[in-house]
file upload33.cif (mmCIF, C-alpha atoms and all ligand atoms)
data_input
#
loop_
_atom_site.label_atom_id
_atom_site.label_comp_id
_atom_site.auth_asym_id
_atom_site.auth_seq_id
_atom_site.Cartn_x
_atom_site.Cartn_y
_atom_site.Cartn_z
CA MET A 1 0.00 0.00 0.00
CA SER A 2 1.36 3.43 -0.95
CA ASP A 3 1.93 6.01 1.74
CA PHE A 4 -0.94 7.94 0.15
CA GLU A 5 -4.23 7.40 1.94
CA HIS A 6 -6.26 7.66 -1.23
CA VAL A 7 -4.70 5.14 -3.65
CA PHE A 8 -6.74 2.12 -4.72
CA ASP A 9 -6.24 -0.72 -7.19
CA THR A 10 -9.92 -1.09 -8.12
CA PRO A 11 -12.73 1.43 -7.88
CA PRO A 12 -13.50 1.68 -4.15
CA PRO A 13 -17.06 1.15 -2.91
CA GLY A 14 -19.35 3.87 -4.22
CA ALA A 15 -17.16 4.73 -7.21
CA ALA A 16 -18.36 4.16 -10.77
CA ALA A 17 -16.50 1.95 -13.25
CA ASP A 18 -14.63 5.07 -14.43
CA TRP A 19 -13.69 5.79 -10.81
CA THR A 20 -15.85 8.88 -10.51
CA ILE A 21 -17.84 9.60 -7.34
CA ASP A 22 -20.43 12.24 -6.50
CA GLN A 23 -19.05 15.52 -5.20
CA ASN A 24 -21.78 15.49 -2.55
CA TRP A 25 -21.37 19.23 -2.22
CA ASP A 26 -24.04 19.53 0.47
CA ALA A 27 -21.93 17.41 2.82
CA TYR A 28 -18.99 19.85 2.96
CA THR A 29 -18.72 21.43 6.41
CA GLN A 30 -18.28 25.13 7.14
CA VAL A 31 -14.70 24.39 8.22
CA GLU A 32 -14.05 22.87 4.78
CA HIS A 33 -15.63 25.84 3.00
CA ASP A 34 -13.59 28.19 5.20
CA THR A 35 -10.42 26.27 4.27
CA TRP A 36 -11.14 26.89 0.58
CA ASP A 37 -11.67 30.61 1.29
CA THR A 38 -8.46 30.85 3.34
CA LEU A 39 -6.40 29.16 0.62
CA TYR A 40 -8.07 31.18 -2.14
CA ALA A 41 -7.45 34.54 -0.38
CA ARG A 42 -3.82 33.60 0.34
CA GLN A 43 -3.15 32.78 -3.29
CA MET A 44 -4.94 35.81 -4.67
CA ALA A 45 -2.82 38.05 -2.45
CA ILE A 46 0.27 37.00 -4.42
CA LEU A 47 -0.84 35.70 -7.86
CA PRO A 48 -1.69 38.96 -9.67
CA GLY A 49 1.55 39.74 -11.53
CA ARG A 50 2.74 36.15 -11.10
CA ALA A 51 0.06 33.91 -12.62
CA SER A 52 -0.53 33.89 -16.38
CA ASP A 53 -3.42 35.85 -17.85
CA ALA A 54 -4.95 32.55 -19.00
CA PHE A 55 -5.08 31.38 -15.39
CA LEU A 56 -6.45 34.62 -13.93
CA ASN A 57 -9.03 34.98 -16.71
CA GLY A 58 -10.13 31.38 -16.13
CA LEU A 59 -10.53 31.97 -12.40
CA ASN A 60 -12.84 34.89 -13.11
CA ALA A 61 -14.76 33.16 -15.89
CA LEU A 62 -15.67 30.31 -13.52
CA ASP A 63 -16.55 32.53 -10.53
CA LEU A 64 -14.49 30.40 -8.13
CA ASN A 65 -14.43 33.18 -5.56
CA THR A 66 -18.11 33.22 -4.63
CA GLY A 67 -17.23 31.78 -1.22
CA GLY A 68 -16.60 28.19 -0.24
CA ILE A 69 -15.82 25.06 -2.24
CA PRO A 70 -17.21 25.38 -5.78
CA ASP A 71 -20.28 23.30 -6.56
CA PHE A 72 -19.50 21.30 -9.72
CA ALA A 73 -23.19 21.42 -10.67
CA VAL A 74 -22.74 25.19 -10.99
CA MET A 75 -19.15 25.27 -12.32
CA ASN A 76 -19.36 22.54 -14.99
CA PRO A 77 -21.95 24.18 -17.26
CA LYS A 78 -19.75 27.32 -17.40
CA LEU A 79 -16.59 25.32 -18.17
CA LYS A 80 -18.37 23.10 -20.69
CA ALA A 81 -19.71 26.13 -22.55
CA LEU A 82 -16.16 27.54 -22.83
CA THR A 83 -14.08 24.52 -23.95
CA GLY A 84 -16.17 21.36 -23.60
CA TRP A 85 -14.38 20.23 -20.42
CA THR A 86 -16.12 19.06 -17.26
CA VAL A 87 -14.71 18.16 -13.84
CA HIS A 88 -15.54 14.98 -11.95
CA CYS A 89 -14.63 13.87 -8.43
CA VAL A 90 -12.58 10.73 -7.86
CA PRO A 91 -11.59 9.21 -4.53
CA GLY A 92 -7.87 9.94 -5.06
CA LEU A 93 -5.09 9.12 -7.53
CA VAL A 94 -6.51 6.89 -10.26
CA PRO A 95 -4.53 4.45 -12.44
CA ASP A 96 -2.78 6.04 -15.41
CA ASP A 97 -5.03 4.41 -18.03
CA VAL A 98 -8.14 5.69 -16.25
CA PHE A 99 -6.58 9.15 -15.95
CA PHE A 100 -5.63 9.34 -19.61
CA ASP A 101 -9.01 8.10 -20.79
CA HIS A 102 -10.73 10.89 -18.86
CA LEU A 103 -8.38 13.53 -20.29
CA ALA A 104 -8.82 12.15 -23.82
CA ASN A 105 -12.56 12.76 -23.38
CA ARG A 106 -12.25 16.28 -21.90
CA ARG A 107 -13.03 15.14 -18.38
CA PHE A 108 -10.71 16.41 -15.62
CA VAL A 109 -10.63 14.32 -12.43
CA SER A 110 -10.47 16.11 -9.11
CA GLY A 111 -10.04 15.10 -5.51
CA GLN A 112 -13.29 15.38 -3.57
CA PHE A 113 -11.64 16.04 -0.18
CA ILE A 114 -10.03 19.25 0.98
CA ARG A 115 -6.95 19.45 3.21
CA LYS A 116 -7.31 19.94 6.95
CA PRO A 117 -6.76 23.40 8.50
CA ASP A 118 -3.42 22.18 9.90
CA GLN A 119 -2.25 21.05 6.43
CA LEU A 120 -2.52 24.38 4.63
CA ASP A 121 1.10 24.53 3.51
CA TYR A 122 1.86 21.16 2.05
CA ILE A 123 -0.09 18.12 0.96
CA GLN A 124 1.30 15.09 -0.87
CA GLU A 125 -1.99 14.19 -2.54
CA PRO A 126 -4.05 16.41 -4.85
CA ASP A 127 -7.06 17.71 -2.91
CA ILE A 128 -9.94 19.69 -4.42
CA PHE A 129 -8.10 22.98 -3.91
CA HIS A 130 -5.02 21.78 -5.82
CA ASP A 131 -7.17 20.32 -8.61
CA VAL A 132 -9.93 22.90 -8.97
CA PHE A 133 -8.06 26.12 -8.07
CA GLY A 134 -4.76 24.89 -9.58
CA HIS A 135 -5.79 23.01 -12.72
CA VAL A 136 -9.33 23.95 -13.77
CA PRO A 137 -8.92 27.67 -14.64
CA MET A 138 -6.39 26.77 -17.35
CA LEU A 139 -8.99 24.47 -18.94
CA THR A 140 -10.95 27.60 -19.95
CA ASP A 141 -8.12 28.49 -22.35
CA PRO A 142 -8.89 26.91 -25.76
CA ASP A 143 -5.25 26.10 -26.56
CA PHE A 144 -4.63 24.58 -23.12
CA ALA A 145 -7.92 22.68 -23.36
CA ASP A 146 -6.70 21.17 -26.65
CA TYR A 147 -3.29 20.46 -25.14
CA MET A 148 -4.73 18.53 -22.22
CA GLN A 149 -6.89 16.39 -24.50
CA ALA A 150 -3.91 15.73 -26.79
CA TYR A 151 -1.91 14.82 -23.69
CA GLY A 152 -4.55 12.30 -22.67
CA LYS A 153 -4.53 10.68 -26.10
CA GLY A 154 -0.73 10.66 -26.08
CA GLY A 155 -0.77 9.00 -22.69
CA GLN A 156 -2.77 6.08 -23.95
CA ARG A 157 -0.25 5.54 -26.77
CA ALA A 158 2.79 6.07 -24.51
CA ALA A 159 1.44 3.48 -22.13
CA SER A 160 1.36 0.91 -24.93
CA LEU A 161 4.96 1.82 -25.87
CA GLY A 162 6.29 1.62 -22.31
CA LEU A 163 7.07 5.35 -22.25
CA LEU A 164 4.81 6.40 -19.40
CA PRO A 165 7.65 7.76 -17.26
CA GLN A 166 8.66 10.10 -20.08
CA LEU A 167 5.09 11.26 -20.58
CA ALA A 168 4.60 11.80 -16.85
CA ARG A 169 7.60 14.17 -16.96
CA LEU A 170 5.91 16.19 -19.70
CA TYR A 171 2.83 16.52 -17.49
CA TRP A 172 4.94 17.39 -14.47
CA TYR A 173 7.01 20.11 -16.13
CA THR A 174 4.04 21.74 -17.90
CA VAL A 175 0.63 21.06 -16.35
CA GLU A 176 2.01 20.93 -12.79
CA PHE A 177 5.12 23.12 -12.75
CA GLY A 178 5.14 25.07 -16.01
CA LEU A 179 6.24 28.66 -16.51
CA ALA A 180 5.46 30.74 -19.57
CA GLN A 181 6.97 33.79 -21.25
CA SER A 182 4.80 36.88 -21.42
CA PRO A 183 5.37 40.49 -22.56
CA GLN A 184 5.51 41.41 -18.85
CA GLY A 185 8.04 38.65 -17.98
CA LEU A 186 7.79 35.08 -16.71
CA ARG A 187 4.36 33.92 -15.59
CA ILE A 188 3.08 30.76 -13.83
CA TYR A 189 0.58 28.41 -15.43
CA GLY A 190 1.44 25.13 -13.63
CA ALA A 191 -1.15 23.99 -11.07
CA GLY A 192 1.40 22.73 -8.55
CA ILE A 193 2.98 26.17 -8.39
CA VAL A 194 -0.12 28.34 -8.65
CA SER A 195 -1.83 26.50 -5.78
CA SER A 196 1.21 26.86 -3.52
CA ALA A 197 1.88 30.06 -1.56
CA THR A 198 5.58 29.39 -1.22
CA GLU A 199 6.38 27.94 -4.61
CA SER A 200 4.47 30.76 -6.38
CA VAL A 201 7.29 33.03 -5.16
CA PHE A 202 10.20 30.58 -5.35
CA ALA A 203 9.51 29.52 -8.95
CA LEU A 204 9.73 33.08 -10.30
CA ASP A 205 12.06 34.92 -7.92
CA ASP A 206 14.51 32.53 -6.29
CA PRO A 207 18.03 32.34 -7.79
CA SER A 208 18.31 28.68 -6.81
CA PRO A 209 16.47 26.73 -9.57
CA ASN A 210 17.39 26.49 -13.23
CA ARG A 211 14.92 28.03 -15.67
CA ILE A 212 15.28 26.55 -19.15
CA GLY A 213 13.42 27.09 -22.42
CA PHE A 214 10.91 24.29 -23.04
CA ASP A 215 12.05 21.48 -25.34
CA MET A 216 9.85 18.38 -25.56
CA GLU A 217 12.62 15.78 -25.69
CA ARG A 218 14.68 17.52 -22.98
CA VAL A 219 11.66 17.58 -20.66
CA MET A 220 10.84 13.94 -21.33
CA ARG A 221 14.38 12.95 -20.30
CA THR A 222 14.50 15.03 -17.10
CA LEU A 223 13.80 13.54 -13.67
CA TYR A 224 11.65 15.54 -11.24
CA ARG A 225 11.08 16.06 -7.50
CA ILE A 226 7.79 15.04 -5.92
CA ASP A 227 8.68 16.01 -2.36
CA ASP A 228 9.95 19.56 -2.63
CA PHE A 229 10.31 22.64 -4.85
CA GLN A 230 11.52 21.88 -8.35
CA GLN A 231 15.21 22.37 -9.12
CA VAL A 232 14.41 23.21 -12.73
CA TYR A 233 11.43 24.96 -14.34
CA PHE A 234 10.81 24.79 -18.09
CA VAL A 235 9.52 27.90 -19.80
CA ILE A 236 7.17 27.73 -22.80
CA ASP A 237 6.99 30.57 -25.33
CA SER A 238 3.19 30.30 -25.39
CA ILE A 239 0.40 27.82 -24.64
CA GLU A 240 -0.31 27.72 -28.37
CA GLN A 241 3.27 26.58 -29.03
CA LEU A 242 2.96 23.90 -26.34
CA LYS A 243 -0.23 22.66 -28.01
CA TRP A 244 1.42 22.45 -31.47
CA ASP A 245 4.46 20.69 -29.95
CA THR A 246 2.11 18.05 -28.54
CA LEU A 247 0.13 17.57 -31.74
CA GLN A 248 3.29 16.54 -33.62
CA ASP A 249 4.18 12.93 -34.32
CA PHE A 250 6.03 11.67 -31.26
CA GLY A 251 7.43 8.65 -33.12
CA PRO A 252 10.91 10.06 -33.83
CA ILE A 253 11.19 11.50 -30.29
CA TYR A 254 10.14 8.19 -28.77
CA ASP A 255 12.75 6.36 -30.86
CA ARG A 256 15.51 8.68 -29.63
CA LEU A 257 14.25 8.54 -26.03
CA ARG A 258 14.62 4.77 -25.88
CA GLY A 259 18.36 5.03 -26.28
CA SER A 260 18.92 8.10 -24.10
CA GLU A 261 19.80 8.40 -20.44
CA ASP A 262 17.52 10.11 -17.90
CA LEU A 263 18.83 13.54 -16.88
CA PRO A 264 19.32 14.61 -13.25
CA VAL A 265 17.06 17.41 -12.01
CA ASP A 266 19.89 19.97 -11.73
CA VAL A 267 21.82 19.39 -14.97
CA VAL A 268 22.33 22.15 -17.56
CA LEU A 269 23.18 20.96 -21.09
CA PRO A 270 25.19 22.95 -23.65
CA GLN A 271 22.18 23.01 -25.99
CA ASP A 272 19.79 24.30 -23.29
CA ARG A 273 18.17 27.72 -23.78
CA VAL A 274 19.17 28.91 -20.28
CA LEU A 275 17.12 31.74 -18.77
CA THR A 276 18.49 31.20 -15.23
CA HIS A 277 21.51 29.07 -14.45
CA GLY A 278 20.46 28.45 -10.85
CA THR A 279 22.69 28.35 -7.78
CA GLN A 280 20.86 25.23 -6.43
CA THR A 281 21.45 26.76 -2.99
CA TYR A 282 17.95 25.88 -1.78
CA ALA A 283 18.34 22.19 -2.59
CA ALA A 284 21.90 22.13 -1.24
CA ARG A 285 20.55 23.35 2.11
CA GLY A 286 18.19 20.38 2.24
CA GLY A 287 15.16 22.13 0.83
CA ARG A 288 11.66 21.60 2.29
CA PHE A 289 11.13 25.33 2.57
CA ALA A 290 14.58 25.93 4.07
CA ALA A 291 14.36 29.17 6.08
N1 LIG A 301 -5.03 10.64 -10.70
N2 LIG A 301 -6.68 11.77 -9.54
C1 LIG A 301 -5.54 11.80 -10.26
N3 LIG A 301 -4.96 12.97 -10.53
C2 LIG A 301 -3.82 13.05 -11.27
O1 LIG A 301 -3.29 14.13 -11.53
C3 LIG A 301 -3.24 11.85 -11.76
C4 LIG A 301 -3.88 10.65 -11.44
N4 LIG A 301 -3.37 9.49 -11.87
C5 LIG A 301 -2.20 9.41 -12.69
C6 LIG A 301 -1.55 10.70 -12.93
N5 LIG A 301 -2.08 11.86 -12.49
C7 LIG A 301 -0.25 10.65 -13.67
O2 LIG A 301 -0.25 9.56 -14.52
C8 LIG A 301 0.04 11.86 -14.48
O3 LIG A 301 0.89 12.58 -13.67
C9 LIG A 301 0.77 11.52 -15.75
FE FE A 302 -2.12 18.21 -10.23
#

call {"tool": "encode", "arguments": {"input": "upload33.cif", "output": "structure tokens"}}
result
Amino acid sequence: MSDFEHVFDTPPPGAAADWTIDQNWDAYTQVEHDTWDTLYARQMAILPGRASDAFLNGLNALDLNTGGIPDFAVMNPKLKALTGWTVHCVPGLVPDDVFFDHLANRRFVSGQFIRKPDQLDYIQEPDIFHDVFGHVPMLTDPDFADYMQAYGKGGQRAASLGLLPQLARLYWYTVEFGLAQSPQGLRIYGAGIVSSATESVFALDDPSPNRIGFDMERVMRTLYRIDDFQQVYFVIDSIEQLKWDTLQDFGPIYDRLRGSEDLPVDVVLPQDRVLTHGTQTYAARGGRFAA
């Protein structure tokens, strides 16, 4: 059994064959709604000027700041009208093939639970705040909506080719921890950053991590951290470019990947487009929000 509480091998009792469960919005307590509001206010105190326009526009378009945990029955019609996506609760991390099938059909899966008041700063598992505040606003952007569906379809193929680890890195360094260029400077679009008070600052301002121009093959070779701030962030020129990169034929890249070594998180290659050659001081000090 994983150290995650919410990992199952088969749909747990109450879940449908596709692993979805009801949100059961009426059952959320006031403490849980207050937790959403606390997290939301804390992020919105720092995200203007840091989050991408696509993210901030999505947040507004879906009215996620009306107080308390969003009711999917209210949110989904708005999202569906914009890009055809809908959000569905699942009991926790679902198997890759289930995850990819949902994405390939414009369904985003979200945790149903929200973190406890004493867990505000760090959770290992995606709760509804990470998934809905972090991921869902970007799904209102047509190019990102197309990218996520293309990613889902690519995942199904990668799984059959034994290249899931490489594809998971693409998700990690874009959907979770991606940065983007903008006329005003670097902006955040990755859910793992934008839903984190500390990493929203670290990812843009700290001299420690590398910041490298996005390259599909480079990203797919690069290992990542799941327990702490990233030691490298990849920067896309635009969401549209990321979409086109993902709609290409991956065959040649997959062939080259098979024979290539994984890259350590802190490496800088001669061919990298380096925006920041980081000091790696944070990681050297042991990380985990080193004071
Ligand atoms: N399940 N609920 C949930 N949420 C995820 O983000 C998720 C998942 N299962 C698998 C998975 N992500 C990974 O395969 C992706 O990171 C590639
Ligand atoms: Fe996530």

call {"tool": "atom_distance", "arguments": {"input": "upload33.cif", "atom1": "CA of Thr140 in chain A", "atom2": "CA of Ala191 in chain A"}}
result
13.7 Å

call {"tool": "atom_distance", "arguments": {"input": "upload33.cif", "atom1": "CA of Asp141 in chain A", "atom2": "CA of Arg50 in chain A"}}
result
17.4 Å

call {"tool": "residues_around", "arguments": {"input": "upload33.cif", "residues": "range 278-281 of chain A", "least_positions_apart": "3", "cutoff": "7 Å", "atoms": "all atoms listed in the file", "output": "ChimeraX atom specification"}}
result
/A:207-210,231,284-285

call {"tool": "write_last_selection", "arguments": {"input": "upload33.cif", "atoms": "C-alpha atoms", "output": "mmCIF file, in the coordinates of the input"}}
result
data_model
loop_
_atom_site.group_PDB
_atom_site.id
_atom_site.type_symbol
_atom_site.label_atom_id
_atom_site.label_comp_id
_atom_site.auth_asym_id
_atom_site.auth_seq_id
_atom_site.Cartn_x
_atom_site.Cartn_y
_atom_site.Cartn_z
ATOM 1 C CA PRO A 207 18.030 32.340 -7.790
ATOM 2 C CA SER A 208 18.310 28.680 -6.810
ATOM 3 C CA PRO A 209 16.470 26.730 -9.570
ATOM 4 C CA ASN A 210 17.390 26.490 -13.230
ATOM 5 C CA GLN A 231 15.210 22.370 -9.120
ATOM 6 C CA ALA A 284 21.900 22.130 -1.240
ATOM 7 C CA ARG A 285 20.550 23.350 2.110
#

call {"tool": "atom_distance", "arguments": {"input": "upload33.cif", "atom1": "CA of Phe229 in chain A", "atom2": "CA of Val265 in chain A"}}
result
11.1 Å

call {"tool": "residues_near_point", "arguments": {"input": "upload33.cif", "point": "(-8.9, 22.9, -14.4)", "cutoff": "10 Å", "atoms": "all atoms listed in the file", "output": "list in words"}}
result
Phe55, Gly58, Leu59, Leu79, Trp85, Thr86, Val87, Arg107, Phe108, Val109, Ser110, His130, Asp131, Val132, Phe133, Gly134, His135, Val136, Pro137, Met138, Leu139, Thr140, Asp141, Phe144, Ala145, Met148, Val175 and Ala191 of chain A

call {"tool": "closest_atom_pairs", "arguments": {"input": "upload33.cif", "of": "chain A", "to": "ligand LIG 301 (chain A)", "cutoff": "6 Å", "atoms": "all atoms listed in the file", "output": "CSV"}}
result
residue,atom,partner,partner_atom,distance
A:Gly92,CA,A:LIG301,N2,5.0
A:Leu93,CA,A:LIG301,N1,3.5
A:Val94,CA,A:LIG301,N1,4.1
A:Pro95,CA,A:LIG301,N4,5.2
A:Asp96,CA,A:LIG301,C5,4.4
A:Phe99,CA,A:LIG301,N4,5.2
A:Val109,CA,A:LIG301,N2,5.5
A:Ser110,CA,A:LIG301,N2,5.8
A:Ala168,CA,A:LIG301,C9,4.0
A:Tyr171,CA,A:LIG301,C9,5.7

call {"tool": "closest_atom_pairs", "arguments": {"input": "upload33.cif", "of": "range 67-126 of chain A", "to": "range 22-25 of chain A", "cutoff": "9 Å", "atoms": "all atoms listed in the file", "output": "JSON lines"}}
result
{"residue": "A:Ile69", "atom": "CA", "partner": "A:Trp25", "partner_atom": "CA", "distance": 8.0}
{"residue": "A:Pro70", "atom": "CA", "partner": "A:Trp25", "partner_atom": "CA", "distance": 8.2}
{"residue": "A:Asp71", "atom": "CA", "partner": "A:Trp25", "partner_atom": "CA", "distance": 6.0}
{"residue": "A:Phe72", "atom": "CA", "partner": "A:Gln23", "partner_atom": "CA", "distance": 7.4}
{"residue": "A:Ala73", "atom": "CA", "partner": "A:Trp25", "partner_atom": "CA", "distance": 8.9}
{"residue": "A:His88", "atom": "CA", "partner": "A:Gln23", "partner_atom": "CA", "distance": 7.6}
{"residue": "A:Cys89", "atom": "CA", "partner": "A:Gln23", "partner_atom": "CA", "distance": 5.7}
{"residue": "A:Val90", "atom": "CA", "partner": "A:Asp22", "partner_atom": "CA", "distance": 8.1}
{"residue": "A:Gln112", "atom": "CA", "partner": "A:Gln23", "partner_atom": "CA", "distance": 6.0}
{"residue": "A:Phe113", "atom": "CA", "partner": "A:Gln23", "partner_atom": "CA", "distance": 9.0}
